[in-house]
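As provided, run.txt (compact mmCIF, C-alpha atoms) reads as follows.
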```txt
# COMPACT_ATOMS: atom_id res chain seq x y z
CA MET A 1 -0.08 -18.10 -12.72
CA THR A 2 -1.04 -18.15 -9.04
CA PRO A 3 1.49 -16.40 -6.76
CA PRO A 4 3.05 -18.45 -3.95
CA ASP A 5 0.93 -18.52 -0.80
CA ASP A 6 3.47 -16.58 1.30
CA VAL A 7 3.17 -13.50 -0.94
CA ALA A 8 -0.35 -13.99 -2.28
CA ALA A 9 -1.76 -11.09 -0.24
CA LEU A 10 0.43 -8.69 -2.23
CA PHE A 11 -1.38 -9.61 -5.43
CA ARG A 12 -4.89 -8.65 -4.42
CA PRO A 13 -6.13 -5.61 -6.40
CA PHE A 14 -6.86 -2.49 -4.38
CA ASP A 15 -8.84 0.69 -4.99
CA LEU A 16 -6.47 3.35 -3.67
CA THR A 17 -8.96 6.08 -4.60
CA PRO A 18 -12.22 6.15 -6.56
CA ARG A 19 -10.19 7.01 -9.67
CA LEU A 20 -7.09 4.84 -9.10
CA ARG A 21 -7.31 1.06 -8.99
CA LEU A 22 -4.08 -0.77 -8.23
CA PRO A 23 -3.58 -4.27 -9.71
CA ASN A 24 -1.52 -5.33 -6.69
CA ARG A 25 -0.39 -4.11 -3.24
CA ILE A 26 3.31 -3.71 -4.16
CA VAL A 27 4.74 -0.18 -4.04
CA LEU A 28 8.08 1.13 -5.26
CA ALA A 29 9.39 3.09 -2.28
CA PRO A 30 10.97 6.50 -3.01
CA CYS A 31 14.70 5.91 -3.48
CA THR A 32 17.22 8.72 -4.00
CA ARG A 33 19.13 8.11 -7.25
CA ASN A 34 21.51 11.14 -7.29
CA ARG A 35 21.00 11.41 -11.03
CA ALA A 36 19.90 14.75 -12.47
CA GLU A 37 20.97 17.04 -15.27
CA HIS A 38 22.87 20.26 -14.61
CA ASP A 39 19.58 22.18 -14.48
CA LEU A 40 18.13 19.55 -12.07
CA SER A 41 15.87 17.97 -14.67
CA PRO A 42 15.64 14.18 -14.37
CA THR A 43 18.00 12.38 -16.71
CA PRO A 44 16.70 10.35 -19.66
CA GLY A 45 17.67 7.28 -17.65
CA ALA A 46 14.85 8.05 -15.23
CA ILE A 47 12.36 7.16 -17.96
CA ASP A 48 13.49 3.54 -18.16
CA HIS A 49 14.13 3.34 -14.42
CA TYR A 50 10.50 3.97 -13.56
CA ALA A 51 8.91 2.41 -16.65
CA ASP A 52 10.78 -0.85 -16.02
CA ARG A 53 9.05 -1.07 -12.63
CA ALA A 54 5.57 -0.12 -13.86
CA ALA A 55 4.10 -3.51 -12.92
CA ALA A 56 4.01 -2.35 -9.30
CA GLY A 57 0.67 -1.31 -7.91
CA LEU A 58 2.12 2.16 -7.37
CA LEU A 59 5.45 3.84 -8.06
CA ILE A 60 6.71 6.69 -5.88
CA THR A 61 9.57 8.70 -7.33
CA GLU A 62 12.76 9.76 -5.67
CA ALA A 63 12.47 12.97 -3.64
CA VAL A 64 12.00 15.97 -5.94
CA LEU A 65 12.92 19.52 -4.93
CA ILE A 66 10.02 21.96 -4.91
CA SER A 67 12.00 25.18 -5.43
CA HIS A 68 15.36 26.76 -6.25
CA GLY A 69 18.05 27.19 -3.59
CA ILE A 70 17.10 24.30 -1.31
CA GLN A 71 19.34 21.56 -2.71
CA GLY A 72 21.29 19.61 -0.14
CA TYR A 73 22.47 16.53 -2.01
CA VAL A 74 24.29 15.91 -5.28
CA ASP A 75 22.25 15.65 -8.48
CA THR A 76 18.77 15.60 -6.99
CA PRO A 77 16.02 16.63 -9.42
CA GLY A 78 13.49 19.42 -9.18
CA ILE A 79 9.96 20.26 -10.30
CA PHE A 80 9.98 24.06 -10.30
CA THR A 81 10.71 25.01 -13.94
CA ASP A 82 9.07 24.34 -17.28
CA ALA A 83 12.09 22.21 -18.27
CA HIS A 84 11.70 20.06 -15.16
CA GLN A 85 8.01 19.58 -15.86
CA ALA A 86 8.63 18.60 -19.49
CA ALA A 87 11.29 16.07 -18.50
CA TRP A 88 9.12 14.51 -15.80
CA ALA A 89 6.21 14.33 -18.26
CA LYS A 90 8.27 11.87 -20.31
CA VAL A 91 8.64 9.70 -17.21
CA ALA A 92 4.92 9.74 -16.44
CA THR A 93 4.04 8.97 -20.06
CA ALA A 94 6.41 6.01 -20.19
CA VAL A 95 5.01 4.58 -16.96
CA HIS A 96 1.43 4.97 -18.13
CA GLU A 97 2.26 3.37 -21.50
CA ARG A 98 3.39 0.31 -19.51
CA GLY A 99 0.12 0.34 -17.57
CA GLY A 100 1.58 1.82 -14.38
CA ARG A 101 0.58 4.43 -11.84
CA ILE A 102 3.04 6.95 -10.37
CA PHE A 103 3.16 9.58 -7.62
CA MET A 104 5.91 12.20 -7.33
CA GLN A 105 7.49 12.74 -3.92
CA LEU A 106 7.74 16.46 -3.11
CA TRP A 107 10.71 17.54 -1.00
CA HIS A 108 12.05 20.49 0.94
CA PRO A 109 15.20 19.46 2.88
CA GLY A 110 14.99 22.40 5.30
CA ARG A 111 18.12 22.48 7.42
CA MET A 112 19.59 19.65 5.32
CA ALA A 113 20.02 22.01 2.37
CA HIS A 114 23.55 23.34 1.79
CA SER A 115 25.13 26.52 0.44
CA HIS A 116 27.58 24.41 -1.59
CA PHE A 117 25.00 24.10 -4.33
CA HIS A 118 23.53 27.57 -4.76
CA GLY A 119 25.30 29.80 -2.26
CA VAL A 120 22.23 30.07 -0.07
CA PRO A 121 22.36 28.98 3.60
CA PRO A 122 19.76 26.43 4.70
CA ARG A 123 16.44 27.61 6.10
CA ALA A 124 14.67 25.79 8.92
CA PRO A 125 12.11 26.38 11.68
CA SER A 126 14.89 27.28 14.15
CA ALA A 127 18.65 27.82 14.14
CA VAL A 128 19.42 24.35 15.52
CA PHE A 129 22.87 23.26 14.41
CA ASP A 130 24.19 19.71 14.78
CA PRO A 131 27.83 19.96 13.66
CA GLY A 132 29.71 17.23 11.89
CA PRO A 133 30.08 15.51 8.53
CA ARG A 134 26.95 14.56 6.68
CA ARG A 135 25.97 11.59 4.59
CA GLN A 136 26.68 12.56 1.01
CA THR A 137 27.48 11.25 -2.44
CA ARG A 138 30.53 12.34 -4.44
CA VAL A 139 31.27 15.44 -2.33
CA SER A 140 32.37 15.94 1.27
CA LEU A 141 30.24 18.44 3.21
CA GLU A 142 29.77 19.57 6.79
CA HIS A 143 26.46 20.57 8.29
CA GLU A 144 25.74 24.30 8.29
CA PRO A 145 23.86 26.46 10.82
CA PRO A 146 20.37 27.08 9.43
CA VAL A 147 18.65 30.46 9.28
CA PRO A 148 15.23 30.57 11.01
CA LEU A 149 12.35 30.96 8.60
CA SER A 150 10.35 34.17 8.71
CA GLU A 151 6.56 34.23 8.51
CA GLY A 152 6.83 35.39 4.93
CA GLU A 153 9.23 32.60 4.00
CA ILE A 154 6.92 29.98 5.50
CA SER A 155 4.05 31.34 3.42
CA GLY A 156 6.26 31.26 0.34
CA ILE A 157 7.26 27.64 0.95
CA LEU A 158 3.64 26.58 1.21
CA CYS A 159 3.05 28.26 -2.15
CA ASP A 160 6.08 26.45 -3.59
CA TYR A 161 4.67 23.08 -2.52
CA GLU A 162 1.31 23.95 -4.05
CA GLN A 163 2.86 24.98 -7.35
CA ALA A 164 5.11 21.92 -7.42
CA ALA A 165 2.08 19.67 -6.91
CA GLN A 166 0.25 21.40 -9.74
CA ARG A 167 3.27 20.95 -12.00
CA ALA A 168 3.41 17.25 -11.16
CA ILE A 169 -0.24 16.78 -12.09
CA ALA A 170 0.25 18.85 -15.25
CA ALA A 171 3.15 16.54 -16.14
CA GLY A 172 0.78 13.59 -15.98
CA PHE A 173 1.47 12.15 -12.54
CA ASP A 174 -1.36 10.40 -10.74
CA GLY A 175 -0.59 12.20 -7.51
CA VAL A 176 2.11 13.43 -5.15
CA GLU A 177 3.59 12.25 -1.90
CA ILE A 178 4.62 14.94 0.58
CA HIS A 179 7.97 13.95 2.07
CA GLY A 180 7.25 14.61 5.72
CA ALA A 181 9.71 12.02 7.00
CA ASN A 182 13.44 11.41 7.47
CA GLY A 183 14.20 14.70 9.20
CA TYR A 184 13.22 17.06 6.37
CA LEU A 185 11.25 20.28 6.64
CA PRO A 186 7.76 19.11 7.73
CA GLU A 187 9.30 16.88 10.41
CA GLN A 188 11.62 19.69 11.48
CA PHE A 189 8.51 21.69 12.36
CA TRP A 190 6.78 19.08 14.51
CA ARG A 191 9.83 17.75 16.38
CA MET A 192 10.98 19.70 19.42
CA HIS A 193 14.68 19.21 18.70
CA THR A 194 14.48 21.31 15.54
CA ASN A 195 11.58 23.59 16.41
CA ARG A 196 12.39 26.03 19.23
CA ARG A 197 9.98 28.71 18.00
CA THR A 198 7.72 30.66 20.34
CA ASP A 199 5.40 32.10 17.68
CA GLY A 200 2.40 30.50 16.01
CA TRP A 201 4.57 27.80 14.42
CA GLY A 202 6.10 26.28 17.55
CA GLY A 203 5.81 25.53 21.23
CA THR A 204 2.61 23.54 21.79
CA PRO A 205 1.90 20.29 19.93
CA GLU A 206 -0.83 22.06 17.95
CA ARG A 207 1.51 24.83 16.80
CA ARG A 208 4.28 22.38 15.93
CA ALA A 209 1.75 20.42 13.89
CA ARG A 210 0.55 23.55 12.11
CA PHE A 211 3.03 23.53 9.20
CA CYS A 212 2.34 19.94 8.18
CA LEU A 213 -1.42 20.47 8.47
CA ALA A 214 -1.32 23.68 6.45
CA LEU A 215 0.88 22.02 3.86
CA CYS A 216 -1.39 19.02 3.37
CA SER A 217 -4.46 21.23 3.25
CA ARG A 218 -2.93 23.56 0.64
CA VAL A 219 -1.79 20.73 -1.62
CA ALA A 220 -5.07 18.83 -1.21
CA ALA A 221 -7.03 21.95 -2.17
CA ALA A 222 -4.80 22.51 -5.19
CA ILE A 223 -4.95 19.03 -6.76
CA GLY A 224 -7.55 17.05 -4.79
CA PRO A 225 -6.97 15.19 -1.51
CA ASP A 226 -7.16 11.77 -3.16
CA ARG A 227 -4.07 12.70 -5.16
CA VAL A 228 -2.01 13.41 -2.03
CA GLY A 229 -0.02 10.97 0.11
CA LEU A 230 2.04 11.81 3.19
CA ARG A 231 5.19 10.10 4.43
CA LEU A 232 5.88 10.26 8.17
CA SER A 233 8.59 9.02 10.54
CA PRO A 234 7.17 8.41 14.03
CA MET A 235 10.70 7.52 15.18
CA ALA A 236 13.54 10.05 14.74
CA TYR A 237 16.48 8.32 13.13
CA PHE A 238 17.72 10.27 10.10
CA SER A 239 19.25 13.66 9.27
CA GLU A 240 20.62 14.06 12.81
CA MET A 241 17.09 14.26 14.12
CA LYS A 242 16.66 13.51 17.82
CA TYR A 243 13.63 12.05 19.59
CA MET A 244 12.33 14.06 22.54
CA PRO A 245 9.49 12.98 24.85
CA GLY A 246 6.38 14.80 23.71
CA ASP A 247 7.33 14.86 20.03
CA ASN A 248 4.59 12.48 19.07
CA LEU A 249 1.90 14.61 20.66
CA ALA A 250 2.30 16.84 17.60
CA LEU A 251 2.32 13.84 15.28
CA ASP A 252 -0.90 12.63 16.87
CA VAL A 253 -2.47 16.03 16.17
CA ILE A 254 -1.41 15.74 12.53
CA LEU A 255 -2.85 12.26 12.11
CA SER A 256 -6.09 13.11 13.92
CA ARG A 257 -6.83 16.30 12.01
CA LEU A 258 -5.92 14.83 8.62
CA SER A 259 -8.08 11.76 9.13
CA GLY A 260 -11.12 13.47 7.64
CA VAL A 261 -9.36 15.23 4.77
CA GLY A 262 -9.44 12.24 2.42
CA LEU A 263 -5.73 11.83 1.67
CA ALA A 264 -4.78 8.91 -0.56
CA TYR A 265 -2.54 7.34 2.08
CA VAL A 266 0.01 7.71 4.87
CA HIS A 267 3.37 6.03 4.30
CA THR A 268 5.79 4.77 6.96
CA GLY A 269 9.16 6.52 6.61
CA ILE A 270 11.71 4.24 8.27
CA ILE A 271 14.85 2.29 7.33
CA ASP A 272 14.04 -0.69 9.56
CA ASP A 273 10.48 -1.06 10.84
CA LYS A 274 11.45 -2.72 14.10
CA PRO A 275 9.78 -2.37 17.53
CA GLU A 276 10.65 0.84 19.38
CA ALA A 277 10.07 1.07 23.13
CA VAL A 278 9.04 4.73 23.01
CA LEU A 279 6.39 3.95 20.40
CA GLY A 280 5.07 0.78 21.99
CA GLY A 281 5.64 -1.14 18.76
CA THR A 282 6.85 -0.58 15.23
CA CYS A 283 6.33 2.64 13.31
CA THR A 284 3.76 0.87 11.16
CA GLN A 285 1.87 -0.28 14.26
CA TYR A 286 2.01 3.22 15.72
CA LEU A 287 0.51 4.71 12.55
CA ARG A 288 -2.07 1.94 12.14
CA ALA A 289 -3.43 2.68 15.61
CA ARG A 290 -3.89 6.36 14.74
CA TRP A 291 -4.61 6.45 11.01
CA PRO A 292 -7.98 5.13 9.79
CA GLY A 293 -7.15 5.48 6.10
CA VAL A 294 -4.84 3.66 3.71
CA LEU A 295 -1.46 2.84 5.24
CA VAL A 296 1.68 1.96 3.27
CA THR A 297 4.18 -0.05 5.32
CA ASN A 298 7.89 0.16 4.61
CA GLY A 299 11.23 -0.50 6.27
CA ALA A 300 13.56 -3.39 5.35
CA LEU A 301 10.58 -5.60 4.57
CA THR A 302 10.92 -8.99 2.99
CA PRO A 303 8.12 -9.77 0.55
CA GLU A 304 6.84 -12.38 3.01
CA LYS A 305 6.76 -9.86 5.87
CA GLY A 306 5.02 -7.27 3.70
CA ALA A 307 2.44 -9.82 2.61
CA ALA A 308 1.83 -10.87 6.21
CA LEU A 309 1.22 -7.28 7.28
CA VAL A 310 -1.22 -6.76 4.41
CA ALA A 311 -3.00 -10.05 5.10
CA ALA A 312 -3.37 -9.12 8.78
CA GLY A 313 -4.80 -5.71 7.97
CA GLU A 314 -1.86 -3.88 9.57
CA ALA A 315 -1.32 -2.08 6.24
CA GLU A 316 -3.07 -1.95 2.89
CA LEU A 317 0.09 -1.65 0.79
CA ALA A 318 3.75 -2.68 1.18
CA ALA A 319 6.63 -0.61 -0.23
CA PHE A 320 10.02 -2.02 -1.21
CA GLY A 321 13.13 0.02 -1.96
CA LYS A 322 16.40 -1.91 -2.14
CA LEU A 323 14.72 -5.06 -3.46
CA PHE A 324 13.11 -3.03 -6.23
CA LEU A 325 16.40 -1.34 -7.10
CA ALA A 326 18.10 -4.71 -7.48
CA ASN A 327 15.14 -6.35 -9.25
CA ALA A 328 13.37 -4.15 -11.78
CA ASP A 329 11.10 -7.16 -12.46
CA LEU A 330 10.32 -7.67 -8.77
CA VAL A 331 6.59 -8.09 -9.36
CA ALA A 332 7.08 -10.82 -11.94
CA ARG A 333 9.68 -12.62 -9.82
CA LEU A 334 7.40 -12.64 -6.79
CA SER A 335 4.37 -13.78 -8.76
CA GLN A 336 6.35 -16.70 -10.21
CA GLY A 337 8.25 -17.65 -7.06
CA MET A 338 11.58 -16.82 -8.70
CA PRO A 339 14.71 -16.03 -6.62
CA LEU A 340 15.57 -12.37 -6.07
CA GLU A 341 18.84 -10.66 -6.79
CA PRO A 342 20.36 -9.32 -3.56
CA TYR A 343 20.84 -5.58 -3.15
CA SER A 344 24.33 -4.10 -3.00
CA ARG A 345 25.69 -0.59 -3.48
CA ALA A 346 26.90 -1.71 -6.88
CA VAL A 347 23.27 -1.62 -7.99
CA LEU A 348 23.45 2.17 -7.93
CA ASP A 349 26.17 2.15 -10.57
CA ARG A 350 23.56 0.97 -13.08
CA PHE A 351 21.64 4.23 -12.82
CA THR A 352 21.77 6.68 -15.71
```
In structure tokens, write the structure found in this file.
Amino acid sequence: MTPPDDVAALFRPFDLTPRLRLPNRIVLAPCTRNRAEHDLSPTPGAIDHYADRAAAGLLITEAVLISHGIQGYVDTPGIFTDAHQAAWAKVATAVHERGGRIFMQLWHPGRMAHSHFHGVPPRAPSAVFDPGPRRQTRVSLEHEPPVPLSEGEISGILCDYEQAAQRAIAAGFDGVEIHGANGYLPEQFWRMHTNRRTDGWGGTPERRARFCLALCSRVAAAIGPDRVGLRLSPMAYFSEMKYMPGDNLALDVILSRLSGVGLAYVHTGIIDDKPEAVLGGTCTQYLRARWPGVLVTNGALTPEKGAALVAAGEAELAAFGKLFLANADLVARLSQGMPLEPYSRAVLDRFT
């Protein structure tokens, strides 16, 4: 069956990497599910959740914690124990049995971690504290002052990312996406609001970019650059992050120096990809102008808008979150011109 003209661009096959051909340009965006076992293994329900959406060109999992003691949200899974790896292997196997392809999103919340979960205060580039209640599920929490990371702790975190990536590949995943967006640790390093350091990890745009560059290089060396994606938020909008003039000088360093590394893609991290005066356009347009490789657009897209961006060459792939949560068969519905179920918070109650 031929897809309707207004979404046809989403159904063109695409070679993401020399070893990974996608049957279409539709991506499942990473969506937090707040479903994990007591030991932070993914629940059995995660198997069906991802396998049911395997018709997408690419699936990206919910954010997955890379190490112990960094949890900041209720029931978020990890990939730092043998039990975690074994549980995620069942997810990868189920997706592959349905003909799908899946990347795991690797996550360090940085200052958005909380002592409520493991009794450990959050670590971050600098002790920047934005007081107040925080967005949370099933528990009421206040932000906590973070402890500045030492040189040794930064080195350890880079090792944790590397080991988490290796575990993901060992579990059968096709690659990993580094969560460098939405105000979490990599973004905390390159934004001036959260990085007040005066050592080799802060100050100039190059030093603020250093953590993200080192992180991508370490993970790429560990598992291969074509198995690594990076999510970035050119506009500060989440996790109490604040935009400061000069922030994007560091982001431009990151994009420029990674352009020759051979990463699988860069992914727009934004809730609503609307024009921003300080960027001179949308986040997707900002990244497209600076990133010569594969770009995944995201941010409250309709299928028609995503298809138009792909058709115009403004992105190679289009990611959908809420629509994919409400419609596990989104790919089939779009290909057949069927109506879509609207998203509501009640959709989350279906998760197991």
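Each of A:Leu334, A:Ala164, A:Leu16, A:Ala127 was compared to Val296 (chain A) using only C-alpha atoms, and A:Leu16 turns out to be the nearest.
When only C-alpha atoms are used to measure the gap to Asp15 (chain A), the shortest distance among A:Ala312, A:Ala236, A:Ile154, A:Leu58 belongs to A:Leu58.
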TODO: Select all residues near (18.6, -9.5, -5.6) (cut-off 9 Å, inclusive, file coordinates), counting only C-alpha atoms, and output them as a PyMOL selection string.
DONE: chain A and resi 322-327+339-344
Those same residues - C-alpha atoms - I'd like them written as a PDB file, keeping the file's coordinate frame.
```pdb
ATOM      1  CA  LYS A 322      16.400  -1.910  -2.140  1.00  0.00           C
ATOM      2  CA  LEU A 323      14.720  -5.060  -3.460  1.00  0.00           C
ATOM      3  CA  PHE A 324      13.110  -3.030  -6.230  1.00  0.00           C
ATOM      4  CA  LEU A 325      16.400  -1.340  -7.100  1.00  0.00           C
ATOM      5  CA  ALA A 326      18.100  -4.710  -7.480  1.00  0.00           C
ATOM      6  CA  ASN A 327      15.140  -6.350  -9.250  1.00  0.00           C
ATOM      7  CA  PRO A 339      14.710 -16.030  -6.620  1.00  0.00           C
ATOM      8  CA  LEU A 340      15.570 -12.370  -6.070  1.00  0.00           C
ATOM      9  CA  GLU A 341      18.840 -10.660  -6.790  1.00  0.00           C
ATOM     10  CA  PRO A 342      20.360  -9.320  -3.560  1.00  0.00           C
ATOM     11  CA  TYR A 343      20.840  -5.580  -3.150  1.00  0.00           C
ATOM     12  CA  SER A 344      24.330  -4.100  -3.000  1.00  0.00           C
TER      13      SER A 344
END
```
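Of note, CA of Asp199 (chain A) and CA of Ser67 (chain A) are spaced 25.0 Å apart.
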Once 3 Å is added on each side, what centre and edge lengths in Å to one decimal does the axis-aligned box around all listed atoms of region 300-316 of chain A have, as AutoDock Vina command-line options?
```
--center_x 4.4 --center_y -7.2 --center_z 5.1 --size_x 24.4 --size_y 16.4 --size_z 15.0
```
Task: Exercise: Met104 (chain A) partners within 6 Å, only C-alpha atoms, chain neighbours under 5 positions left out, as a VMD selection string - done: chain A and resid 60 to 61 176 to 177
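With all atoms listed in the file as the atoms that count, the residue of A:Leu59, A:Val128, A:Ala346, A:Val120 with the shortest distance to Arg191 (chain A) is A:Val128.
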Which residues of region 240-322 of chain A come within 12 Å of region 130-140 of chain A, and what is each one's closest atom pair and distance in Å (one decimal), counting only C-alpha atoms, sorted by chain and residue number, as CSV?
```
residue,atom,partner,partner_atom,distance
A:Glu240,CA,A:Asp130,CA,7.0
A:Met241,CA,A:Asp130,CA,9.0
A:Lys242,CA,A:Asp130,CA,10.2
```
Store the residues picked out above, limited to C-alpha atoms, as a CSV table (one decimal), in the coordinates of the input.
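And here's result-v4.csv as it stands now:
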```
chain,number,residue,atom,x,y,z
A,240,GLU,CA,20.6,14.1,12.8
A,241,MET,CA,17.1,14.3,14.1
A,242,LYS,CA,16.7,13.5,17.8
```
Task: Selection near region 108-118 of chain A, 7 Å with only C-alpha atoms, sequence-local residues under 2 positions removed, as a count of residues only - done: 15
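Atom to atom, CA of Ile102 (chain A) and CA of Gly175 (chain A) stand 7.0 Å apart.
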Task: Pairwise distance for CA of Arg53 (chain A) and CA of Asp329 (chain A), rounded to one decimal in Å - done: 6.4 Å
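When only C-alpha atoms are used to measure the gap to Glu304 (chain A), the shortest distance among A:Ala318, A:Ala222, A:Leu232, A:Leu20 belongs to A:Ala318.
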N, CA and C atoms restored at region 116-136 of chain A, emitted as a compact mmCIF listing (two decimals), in the frame of the given file:
```txt
# COMPACT_ATOMS: atom_id res chain seq x y z
N HIS A 116 26.66 24.91 -0.55
CA HIS A 116 27.58 24.41 -1.59
C HIS A 116 26.95 24.47 -2.97
N PHE A 117 25.64 24.26 -3.04
CA PHE A 117 25.00 24.10 -4.33
C PHE A 117 24.55 25.41 -4.96
N HIS A 118 24.04 26.33 -4.18
CA HIS A 118 23.53 27.57 -4.76
C HIS A 118 23.94 28.81 -3.98
N GLY A 119 24.83 28.65 -3.02
CA GLY A 119 25.30 29.80 -2.26
C GLY A 119 24.31 30.37 -1.28
N VAL A 120 23.27 29.61 -0.98
CA VAL A 120 22.23 30.07 -0.07
C VAL A 120 22.26 29.21 1.19
N PRO A 121 22.35 29.79 2.39
CA PRO A 121 22.36 28.98 3.60
C PRO A 121 21.02 28.28 3.81
N PRO A 122 21.02 27.15 4.49
CA PRO A 122 19.76 26.43 4.70
C PRO A 122 18.80 27.21 5.57
N ARG A 123 17.51 27.02 5.30
CA ARG A 123 16.44 27.61 6.10
C ARG A 123 15.75 26.49 6.87
N ALA A 124 15.30 26.80 8.07
CA ALA A 124 14.67 25.79 8.92
C ALA A 124 13.77 26.49 9.94
N PRO A 125 12.96 25.74 10.67
CA PRO A 125 12.11 26.38 11.68
C PRO A 125 12.92 27.18 12.70
N SER A 126 14.07 26.63 13.13
CA SER A 126 14.89 27.28 14.15
C SER A 126 16.37 27.08 13.80
N ALA A 127 17.21 27.88 14.42
CA ALA A 127 18.65 27.82 14.14
C ALA A 127 19.32 26.73 14.97
N VAL A 128 18.87 25.50 14.79
CA VAL A 128 19.42 24.35 15.52
C VAL A 128 20.50 23.71 14.66
N PHE A 129 21.70 23.69 15.17
CA PHE A 129 22.87 23.26 14.41
C PHE A 129 23.47 22.01 15.07
N ASP A 130 23.52 20.93 14.33
CA ASP A 130 24.19 19.71 14.78
C ASP A 130 25.45 19.54 13.95
N PRO A 131 26.61 19.96 14.46
CA PRO A 131 27.83 19.96 13.66
C PRO A 131 28.32 18.55 13.33
N GLY A 132 29.11 18.49 12.27
CA GLY A 132 29.71 17.23 11.89
C GLY A 132 29.55 16.94 10.41
N PRO A 133 30.23 15.90 9.93
CA PRO A 133 30.08 15.51 8.53
C PRO A 133 28.70 14.97 8.26
N ARG A 134 28.28 15.04 7.03
CA ARG A 134 26.95 14.56 6.68
C ARG A 134 27.03 13.51 5.60
N ARG A 135 26.05 12.64 5.61
CA ARG A 135 25.97 11.59 4.59
C ARG A 135 25.82 12.25 3.23
N GLN A 136 26.66 11.88 2.29
CA GLN A 136 26.68 12.56 1.01
C GLN A 136 27.25 11.66 -0.06
```
